[in-house]
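**Student:** Quick one, run-v4.cif (mmCIF, C-alpha atoms):
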data_work
#
loop_
_atom_site.label_atom_id
_atom_site.label_comp_id
_atom_site.auth_asym_id
_atom_site.auth_seq_id
_atom_site.Cartn_x
_atom_site.Cartn_y
_atom_site.Cartn_z
CA LEU A 1 -3.09 -5.44 -1.68
CA TRP A 2 -1.45 -2.06 -1.05
CA TYR A 3 -2.58 -0.16 -4.16
CA ASN A 4 -5.80 -1.73 -5.52
CA THR A 5 -7.55 -4.55 -3.67
CA ALA A 6 -9.42 -5.55 -6.85
CA GLY A 7 -6.08 -6.85 -8.15
CA LEU A 8 -6.15 -9.60 -5.53
CA ALA A 9 -8.70 -11.51 -7.66
CA ILE A 10 -6.36 -11.87 -10.65
CA ASN A 11 -3.88 -14.55 -9.57
CA GLN A 12 -5.20 -17.77 -8.03
CA ARG A 13 -1.96 -18.89 -6.37
CA ARG A 14 -0.87 -18.20 -2.81
CA GLN A 15 1.57 -15.34 -2.59
CA ILE A 16 4.15 -14.31 -0.01
CA LEU A 17 5.89 -10.94 0.00
CA ILE A 18 9.07 -10.22 1.93
CA ASP A 19 10.82 -6.92 1.31
CA TYR A 20 13.54 -4.93 3.06
CA VAL A 21 15.48 -1.97 1.74
CA ARG A 22 17.98 0.31 3.37
CA LEU A 23 17.45 3.72 1.82
CA PHE A 24 20.52 5.85 1.11
CA PRO A 25 23.08 3.24 2.29
CA GLY A 26 26.08 5.42 1.39
CA LEU A 27 24.83 8.36 3.43
CA ASP A 28 27.27 8.84 6.31
CA VAL A 29 25.37 11.68 7.99
CA GLY A 30 21.95 11.50 9.58
CA PRO A 31 19.65 8.64 10.50
CA ASP A 32 19.71 5.08 9.17
CA ILE A 33 16.57 5.02 7.00
CA ASN A 34 14.97 1.70 6.07
CA ALA A 35 11.69 0.30 4.79
CA TRP A 36 10.25 -3.21 5.06
CA ALA A 37 7.09 -5.12 4.14
CA LEU A 38 5.59 -8.57 4.71
CA GLY A 39 2.46 -9.90 3.04
CA TYR A 40 0.42 -13.01 2.40
CA VAL A 41 -2.45 -13.66 -0.04
CA GLN A 42 -4.60 -16.78 -0.47
CA GLY A 43 -8.00 -17.85 -1.76
CA LEU A 44 -11.06 -17.57 0.46
CA ALA A 45 -14.82 -17.89 -0.23
CA GLY A 46 -14.59 -17.48 -4.01
CA GLY A 47 -12.15 -14.56 -3.82
CA ARG A 48 -8.73 -13.80 -2.37
CA LEU A 49 -7.83 -12.47 1.04
CA GLY A 50 -4.60 -10.61 1.68
CA PHE A 51 -2.85 -9.36 4.79
CA GLY A 52 0.26 -7.24 4.98
CA VAL A 53 2.36 -5.16 7.34
CA ALA A 54 4.95 -2.55 6.38
CA GLY A 55 7.04 0.15 7.96
CA THR A 56 9.58 2.88 7.47
CA SER A 57 11.95 4.06 10.17
CA ALA A 58 14.62 6.69 10.63
CA ASP A 59 16.24 6.35 14.07
CA PHE A 60 13.70 7.93 16.45
CA TYR A 61 10.77 8.21 13.95
CA ARG A 62 8.63 5.33 12.60
CA GLU A 63 5.63 4.91 10.31
CA ASN A 64 3.95 1.49 10.32
CA GLY A 65 0.86 0.09 8.69
CA ALA A 66 -1.16 -3.06 8.34
CA VAL A 67 -3.69 -3.82 5.61
CA LEU A 68 -6.40 -6.44 5.26
CA GLY A 69 -8.01 -6.71 1.84
CA TYR A 70 -10.39 -8.92 -0.10
CA GLY A 71 -10.79 -9.07 -3.87
CA ARG A 72 -13.25 -11.09 -5.92
CA GLY A 73 -13.93 -11.53 -9.61
CA TRP A 74 -17.43 -10.89 -10.98
CA GLY A 75 -17.61 -12.57 -14.37
CA LYS A 76 -14.61 -12.80 -16.68
CA ARG A 77 -13.77 -9.11 -16.87
CA LEU A 78 -14.67 -7.34 -13.63
CA SER A 79 -13.05 -7.63 -10.20
CA LEU A 80 -13.88 -5.65 -7.09
CA GLY A 81 -12.04 -5.28 -3.82
CA CYS A 82 -12.19 -3.59 -0.45
CA GLY A 83 -9.79 -3.22 2.42
CA VAL A 84 -8.95 -1.54 5.68
CA ARG A 85 -5.56 -0.25 6.70
CA LEU A 86 -4.24 0.56 10.13
CA LEU A 87 -1.80 3.49 10.03
CA ARG A 88 0.50 4.50 12.88
CA TRP A 89 3.37 6.88 13.41
CA SER A 90 5.55 7.25 16.49
CA ALA A 91 8.43 9.47 17.54
CA GLU A 92 10.67 9.15 20.56
CA GLY A 93 11.01 12.34 22.58
CA TYR A 94 14.25 14.30 22.34
CA ARG A 95 16.56 13.97 25.35
CA ASP A 96 18.62 17.04 26.15
CA PRO A 97 22.23 15.82 26.66
CA VAL A 98 23.09 18.63 29.09
CA ASN A 99 20.31 18.33 31.68
CA ASN A 100 19.04 14.83 30.69
CA VAL A 101 15.42 16.06 30.44
CA ALA A 102 13.35 14.24 27.82
CA ASP A 103 10.32 15.32 25.82
CA PRO A 104 7.45 12.82 25.91
CA ASP A 105 7.20 10.16 23.24
CA ARG A 106 4.45 10.77 20.69
CA ALA A 107 2.29 8.44 18.59
CA GLU A 108 -1.06 8.36 16.80
CA THR A 109 -3.07 5.66 14.99
CA GLY A 110 -5.83 5.80 12.37
CA LEU A 111 -7.95 3.39 10.34
CA GLY A 112 -8.39 3.92 6.57
CA VAL A 113 -10.89 2.39 4.13
CA ASP A 114 -9.96 1.36 0.54
CA LEU A 115 -12.06 0.34 -2.48
CA GLY A 116 -10.86 -0.99 -5.83
CA LEU A 117 -12.23 -1.89 -9.24
CA ARG A 118 -10.53 -3.52 -12.23
CA TYR A 119 -12.10 -4.14 -15.63
CA ALA A 120 -10.49 -6.04 -18.53
CA LEU A 121 -11.32 -3.97 -21.61
CA LEU A 122 -9.84 -6.35 -24.18
CA HIS A 123 -8.09 -9.71 -24.10
CA TRP A 124 -6.51 -10.68 -27.42
CA ARG A 125 -3.70 -13.21 -28.13
CA GLU A 126 -2.16 -13.18 -24.65
CA ARG A 127 -2.50 -9.40 -24.51
CA THR A 128 -4.74 -7.66 -22.01
CA PHE A 129 -5.86 -4.05 -21.85
CA THR A 130 -7.41 -3.03 -18.54
CA CYS A 131 -8.75 0.00 -16.72
CA ALA A 132 -8.80 0.28 -12.96
CA PHE A 133 -9.91 2.58 -10.18
CA SER A 134 -8.52 2.69 -6.66
CA GLY A 135 -9.65 4.78 -3.72
CA GLN A 136 -7.30 4.71 -0.73
CA ASN A 137 -8.02 6.20 2.70
CA LEU A 138 -11.46 7.24 1.49
CA ASN A 139 -12.48 8.25 5.01
CA GLN A 140 -9.32 10.39 5.46
CA PRO A 141 -8.25 8.86 8.80
CA GLU A 142 -7.10 11.31 11.45
CA VAL A 143 -3.60 10.65 12.80
CA ALA A 144 -2.52 14.14 13.85
CA GLU A 145 -2.08 14.83 17.56
CA SER A 146 -3.80 18.21 17.44
CA GLY A 147 -6.52 17.32 14.93
CA GLY A 148 -5.88 18.14 11.33
CA ALA A 149 -7.13 17.33 7.86
CA GLY A 150 -6.30 13.62 8.17
CA ILE A 151 -4.38 11.36 5.80
CA PRO A 152 -5.19 12.52 2.26
CA ARG A 153 -7.68 10.54 0.20
CA ARG A 154 -6.06 9.10 -2.95
CA LEU A 155 -8.12 8.46 -6.06
CA VAL A 156 -6.33 6.72 -8.92
CA LEU A 157 -7.60 5.92 -12.41
CA GLY A 158 -5.31 3.71 -14.46
CA LEU A 159 -4.99 2.13 -17.89
CA GLY A 160 -2.82 -0.93 -18.31
CA TYR A 161 -1.37 -3.25 -20.93
CA ALA A 162 0.13 -6.69 -20.29
CA ASP A 163 1.48 -9.48 -22.49
CA ARG A 164 3.95 -12.31 -21.90
CA LEU A 165 6.97 -9.99 -21.80
CA TYR A 166 5.79 -6.49 -20.92
CA ILE A 167 3.57 -4.66 -18.51
CA ALA A 168 2.85 -0.95 -18.93
CA GLU A 169 0.59 1.29 -16.90
CA VAL A 170 -0.45 4.93 -16.95
CA ASP A 171 -2.14 6.42 -13.90
CA LEU A 172 -3.94 9.65 -13.18
CA GLU A 173 -3.80 10.29 -9.45
CA LEU A 174 -5.75 12.82 -7.43
CA VAL A 175 -4.64 13.45 -3.84
CA ASP A 176 -6.69 15.76 -1.61
#
Would you put the structure from the file into structure tokens?
**Tutor:**
Amino acid sequence: LWYNTAGLAINQRRQILIDYVRLFPGLDVGPDINAWALGYVQGLAGGRLGFGVAGTSADFYRENGAVLGYGRGWGKRLSLGCGVRLLRWSAEGYRDPVNNVADPDRAETGLGVDLGLRYALLHWRERTFTCAFSGQNLNQPEVAESGGAGIPRRLVLGLGYADRLYIAEVDLELVD
């Protein structure tokens, strides 16, 4: 759902994701930094639909996102997927403790487009070799206040191996 929407087509069971992590819990100085994610995937119209929300926060700064993706198998080896993600950041304005004057709060939102492809190269005795392509934020959504280059487009080409006990993957990633 988050990395390659074509992967949604692989498993036919409903899935629920709940994740929370406090980053750097022993750090006594600075902001409390945490990350969380919730997700749900289920079958729909011959494929699988997934929805997820996630966020990272550090006291006054937050990054949040939501993703909606659909993946479908085409034959025994090929699966394709597409998705959209809503990206948002926000920061509370600094309040001067001496004169109690506050800067304005800031926030921006953008909408990204993802495409994914997965192809099973070889399936032999419970072993599978696959190749995959993922394009995230292909439209480079703009989330800067003053207009910038946008969120970088990510193109990933991967090779994978899976059997009953092991999963291994090698990726080549290009980020604008």
**Student:** What's around Gly75 (chain A) at 12 Å? Count all atoms listed in the file, leave out sequence neighbours fewer than 4 positions away in its own chain, and write the answer as a PyMOL selection string.
**Tutor:** chain A and resi 9-10+46+79-80+118-120
**Student:** Kindly give the distance, in Å, that separates CA of Thr128 (chain A) and CA of Leu165 (chain A), rounded to a single decimal.
**Tutor:** 11.9 Å
**Student:** Need to verify the contact set: Leu155 (chain A), 10 Å, only C-alpha atoms, exclusion of same-chain residues closer than 3 positions in sequence. Can you return it as a ChimeraX atom specification?
**Tutor:** /A:114-116,133-138,152,172-176
**Student:** Excluding Arg13 (chain A) and any residue of its chain fewer than 2 positions from it, enumerate the residues within 8 Å of it, using all atoms listed in the file, and give them as a ChimeraX atom specification.
**Tutor:** /A:11,15,42-43
**Student:** Tell me, as number ranges by chain, which residues lie within 9 Å of region 49-65 of chain A, counting only C-alpha atoms; anything in the same chain fewer than 4 positions away does not count.
**Tutor:** A: 1-2, 5, 8-9, 15, 17, 19, 30-45, 69-72, 85-94
**Student:** Work out where the centre of an axis-aligned box around every listed atom of region 105-116 of chain A lies and how long its edges are once 3 Å is added on each side; give both in Å to one decimal as AutoDock Vina command-line options.
**Tutor:**
--center_x -2.4 --center_y 4.9 --center_z 8.7 --size_x 25.3 --size_y 17.8 --size_z 35.1
**Student:** For CA of Leu122 (chain A) and CA of Tyr3 (chain A), determine how far apart the two atoms are, in Å to one decimal place.
**Tutor:**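 Value for the CA of Leu122 (chain A)-CA of Tyr3 (chain A) distance: 22.2 Å.
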**Student:** Counting all atoms listed in the file, which of A:Asp105, A:Ala66, A:Val84, A:Asp163 gets nearest to Asn4 (chain A)?
**Tutor:**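 For Asn4 (chain A), the nearest of the candidates is A:Val84.
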**Student:** Could you pull region 48-151 of chain A out of the block above and give me C-alpha atoms, as a PDB file, in the first residue's frame?
**Tutor:**
ATOM      1  CA  ARG A  48      -7.723  -5.433  -3.606  1.00  0.00           C
ATOM      2  CA  LEU A  49      -8.389  -1.994  -2.214  1.00  0.00           C
ATOM      3  CA  GLY A  50      -6.294  -0.517   0.566  1.00  0.00           C
ATOM      4  CA  PHE A  51      -6.573   2.594   2.704  1.00  0.00           C
ATOM      5  CA  GLY A  52      -4.065   3.885   5.207  1.00  0.00           C
ATOM      6  CA  VAL A  53      -3.172   6.905   7.299  1.00  0.00           C
ATOM      7  CA  ALA A  54       0.190   7.646   8.911  1.00  0.00           C
ATOM      8  CA  GLY A  55       1.995  10.438  10.669  1.00  0.00           C
ATOM      9  CA  THR A  56       5.162  11.617  12.326  1.00  0.00           C
ATOM     10  CA  SER A  57       5.278  14.326  14.953  1.00  0.00           C
ATOM     11  CA  ALA A  58       7.866  16.175  16.992  1.00  0.00           C
ATOM     12  CA  ASP A  59       6.164  18.554  19.454  1.00  0.00           C
ATOM     13  CA  PHE A  60       5.144  21.533  17.288  1.00  0.00           C
ATOM     14  CA  TYR A  61       5.821  19.924  13.844  1.00  0.00           C
ATOM     15  CA  ARG A  62       3.738  17.197  12.140  1.00  0.00           C
ATOM     16  CA  GLU A  63       3.745  15.315   8.849  1.00  0.00           C
ATOM     17  CA  ASN A  64       0.624  13.293   8.032  1.00  0.00           C
ATOM     18  CA  GLY A  65      -0.508  11.316   5.041  1.00  0.00           C
ATOM     19  CA  ALA A  66      -3.329   9.191   3.750  1.00  0.00           C
ATOM     20  CA  VAL A  67      -3.165   6.734   0.872  1.00  0.00           C
ATOM     21  CA  LEU A  68      -5.823   4.978  -1.184  1.00  0.00           C
ATOM     22  CA  GLY A  69      -4.595   2.228  -3.486  1.00  0.00           C
ATOM     23  CA  TYR A  70      -5.918  -0.527  -5.707  1.00  0.00           C
ATOM     24  CA  GLY A  71      -3.996  -3.545  -6.988  1.00  0.00           C
ATOM     25  CA  ARG A  72      -5.142  -6.261  -9.350  1.00  0.00           C
ATOM     26  CA  GLY A  73      -3.578  -9.374 -10.813  1.00  0.00           C
ATOM     27  CA  TRP A  74      -3.465  -9.851 -14.588  1.00  0.00           C
ATOM     28  CA  GLY A  75      -2.839 -13.532 -15.223  1.00  0.00           C
ATOM     29  CA  LYS A  76      -0.696 -15.647 -12.915  1.00  0.00           C
ATOM     30  CA  ARG A  77       2.460 -13.541 -12.999  1.00  0.00           C
ATOM     31  CA  LEU A  78       1.624  -9.864 -13.439  1.00  0.00           C
ATOM     32  CA  SER A  79      -0.029  -7.461 -11.009  1.00  0.00           C
ATOM     33  CA  LEU A  80      -0.605  -3.748 -11.467  1.00  0.00           C
ATOM     34  CA  GLY A  81      -1.598  -1.072  -9.002  1.00  0.00           C
ATOM     35  CA  CYS A  82      -2.324   2.618  -8.689  1.00  0.00           C
ATOM     36  CA  GLY A  83      -2.900   4.955  -5.805  1.00  0.00           C
ATOM     37  CA  VAL A  84      -3.242   8.499  -4.583  1.00  0.00           C
ATOM     38  CA  ARG A  85      -1.740   9.912  -1.431  1.00  0.00           C
ATOM     39  CA  LEU A  86      -2.666  13.021   0.480  1.00  0.00           C
ATOM     40  CA  LEU A  87       0.394  14.627   2.095  1.00  0.00           C
ATOM     41  CA  ARG A  88       0.266  17.353   4.742  1.00  0.00           C
ATOM     42  CA  TRP A  89       2.696  19.086   7.042  1.00  0.00           C
ATOM     43  CA  SER A  90       1.927  21.602   9.772  1.00  0.00           C
ATOM     44  CA  ALA A  91       3.930  23.637  12.245  1.00  0.00           C
ATOM     45  CA  GLU A  92       2.697  25.672  15.176  1.00  0.00           C
ATOM     46  CA  GLY A  93       4.038  29.214  15.278  1.00  0.00           C
ATOM     47  CA  TYR A  94       6.714  30.067  17.828  1.00  0.00           C
ATOM     48  CA  ARG A  95       5.504  32.085  20.820  1.00  0.00           C
ATOM     49  CA  ASP A  96       8.020  34.513  22.268  1.00  0.00           C
ATOM     50  CA  PRO A  97       8.002  33.938  26.069  1.00  0.00           C
ATOM     51  CA  VAL A  98       8.992  37.542  26.847  1.00  0.00           C
ATOM     52  CA  ASN A  99       6.368  39.532  24.941  1.00  0.00           C
ATOM     53  CA  ASN A 100       3.896  36.653  24.291  1.00  0.00           C
ATOM     54  CA  VAL A 101       3.765  37.427  20.537  1.00  0.00           C
ATOM     55  CA  ALA A 102       3.220  34.356  18.345  1.00  0.00           C
ATOM     56  CA  ASP A 103       4.177  33.642  14.757  1.00  0.00           C
ATOM     57  CA  PRO A 104       1.311  32.318  12.635  1.00  0.00           C
ATOM     58  CA  ASP A 105       0.768  28.585  12.341  1.00  0.00           C
ATOM     59  CA  ARG A 106       1.783  27.137   8.979  1.00  0.00           C
ATOM     60  CA  ALA A 107       0.529  24.163   6.947  1.00  0.00           C
ATOM     61  CA  GLU A 108       0.394  22.897   3.370  1.00  0.00           C
ATOM     62  CA  THR A 109      -1.246  19.921   1.634  1.00  0.00           C
ATOM     63  CA  GLY A 110      -0.553  18.119  -1.649  1.00  0.00           C
ATOM     64  CA  LEU A 111      -1.888  15.147  -3.602  1.00  0.00           C
ATOM     65  CA  GLY A 112       0.524  12.560  -5.066  1.00  0.00           C
ATOM     66  CA  VAL A 113      -0.037   9.844  -7.680  1.00  0.00           C
ATOM     67  CA  ASP A 114       1.550   6.353  -7.462  1.00  0.00           C
ATOM     68  CA  LEU A 115       1.834   3.479  -9.956  1.00  0.00           C
ATOM     69  CA  GLY A 116       3.156  -0.033  -9.356  1.00  0.00           C
ATOM     70  CA  LEU A 117       3.987  -3.181 -11.290  1.00  0.00           C
ATOM     71  CA  ARG A 118       5.041  -6.623 -10.060  1.00  0.00           C
ATOM     72  CA  TYR A 119       6.018  -9.578 -12.235  1.00  0.00           C
ATOM     73  CA  ALA A 120       6.794 -13.113 -11.011  1.00  0.00           C
ATOM     74  CA  LEU A 121       9.837 -14.177 -13.024  1.00  0.00           C
ATOM     75  CA  LEU A 122      10.019 -17.749 -11.721  1.00  0.00           C
ATOM     76  CA  HIS A 123       8.030 -19.875  -9.302  1.00  0.00           C
ATOM     77  CA  TRP A 124       9.738 -23.160  -8.415  1.00  0.00           C
ATOM     78  CA  ARG A 125       9.176 -25.442  -5.365  1.00  0.00           C
ATOM     79  CA  GLU A 126       7.706 -22.794  -3.063  1.00  0.00           C
ATOM     80  CA  ARG A 127      10.348 -20.309  -4.201  1.00  0.00           C
ATOM     81  CA  THR A 128       9.475 -17.154  -6.082  1.00  0.00           C
ATOM     82  CA  PHE A 129      11.720 -14.715  -7.919  1.00  0.00           C
ATOM     83  CA  THR A 130      10.066 -11.409  -8.792  1.00  0.00           C
ATOM     84  CA  CYS A 131      10.850  -8.035 -10.281  1.00  0.00           C
ATOM     85  CA  ALA A 132       8.885  -4.917  -9.460  1.00  0.00           C
ATOM     86  CA  PHE A 133       8.642  -1.253 -10.342  1.00  0.00           C
ATOM     87  CA  SER A 134       7.165   1.480  -8.192  1.00  0.00           C
ATOM     88  CA  GLY A 135       6.661   5.141  -8.993  1.00  0.00           C
ATOM     89  CA  GLN A 136       5.674   7.300  -6.026  1.00  0.00           C
ATOM     90  CA  ASN A 137       4.579  10.938  -6.188  1.00  0.00           C
ATOM     91  CA  LEU A 138       4.914  10.837  -9.964  1.00  0.00           C
ATOM     92  CA  ASN A 139       3.320  14.270 -10.281  1.00  0.00           C
ATOM     93  CA  GLN A 140       5.705  15.782  -7.677  1.00  0.00           C
ATOM     94  CA  PRO A 141       2.994  17.374  -5.497  1.00  0.00           C
ATOM     95  CA  GLU A 142       3.688  20.904  -4.313  1.00  0.00           C
ATOM     96  CA  VAL A 143       3.567  21.348  -0.526  1.00  0.00           C
ATOM     97  CA  ALA A 144       5.935  24.286  -0.039  1.00  0.00           C
ATOM     98  CA  GLU A 145       4.471  27.584   1.140  1.00  0.00           C
ATOM     99  CA  SER A 146       6.500  29.691  -1.272  1.00  0.00           C
ATOM    100  CA  GLY A 147       6.377  27.327  -4.257  1.00  0.00           C
ATOM    101  CA  GLY A 148       9.276  24.993  -4.728  1.00  0.00           C
ATOM    102  CA  ALA A 149      10.245  21.855  -6.584  1.00  0.00           C
ATOM    103  CA  GLY A 150       7.563  19.742  -4.887  1.00  0.00           C
ATOM    104  CA  ILE A 151       7.866  16.372  -3.161  1.00  0.00           C
TER     105      ILE A 151
END
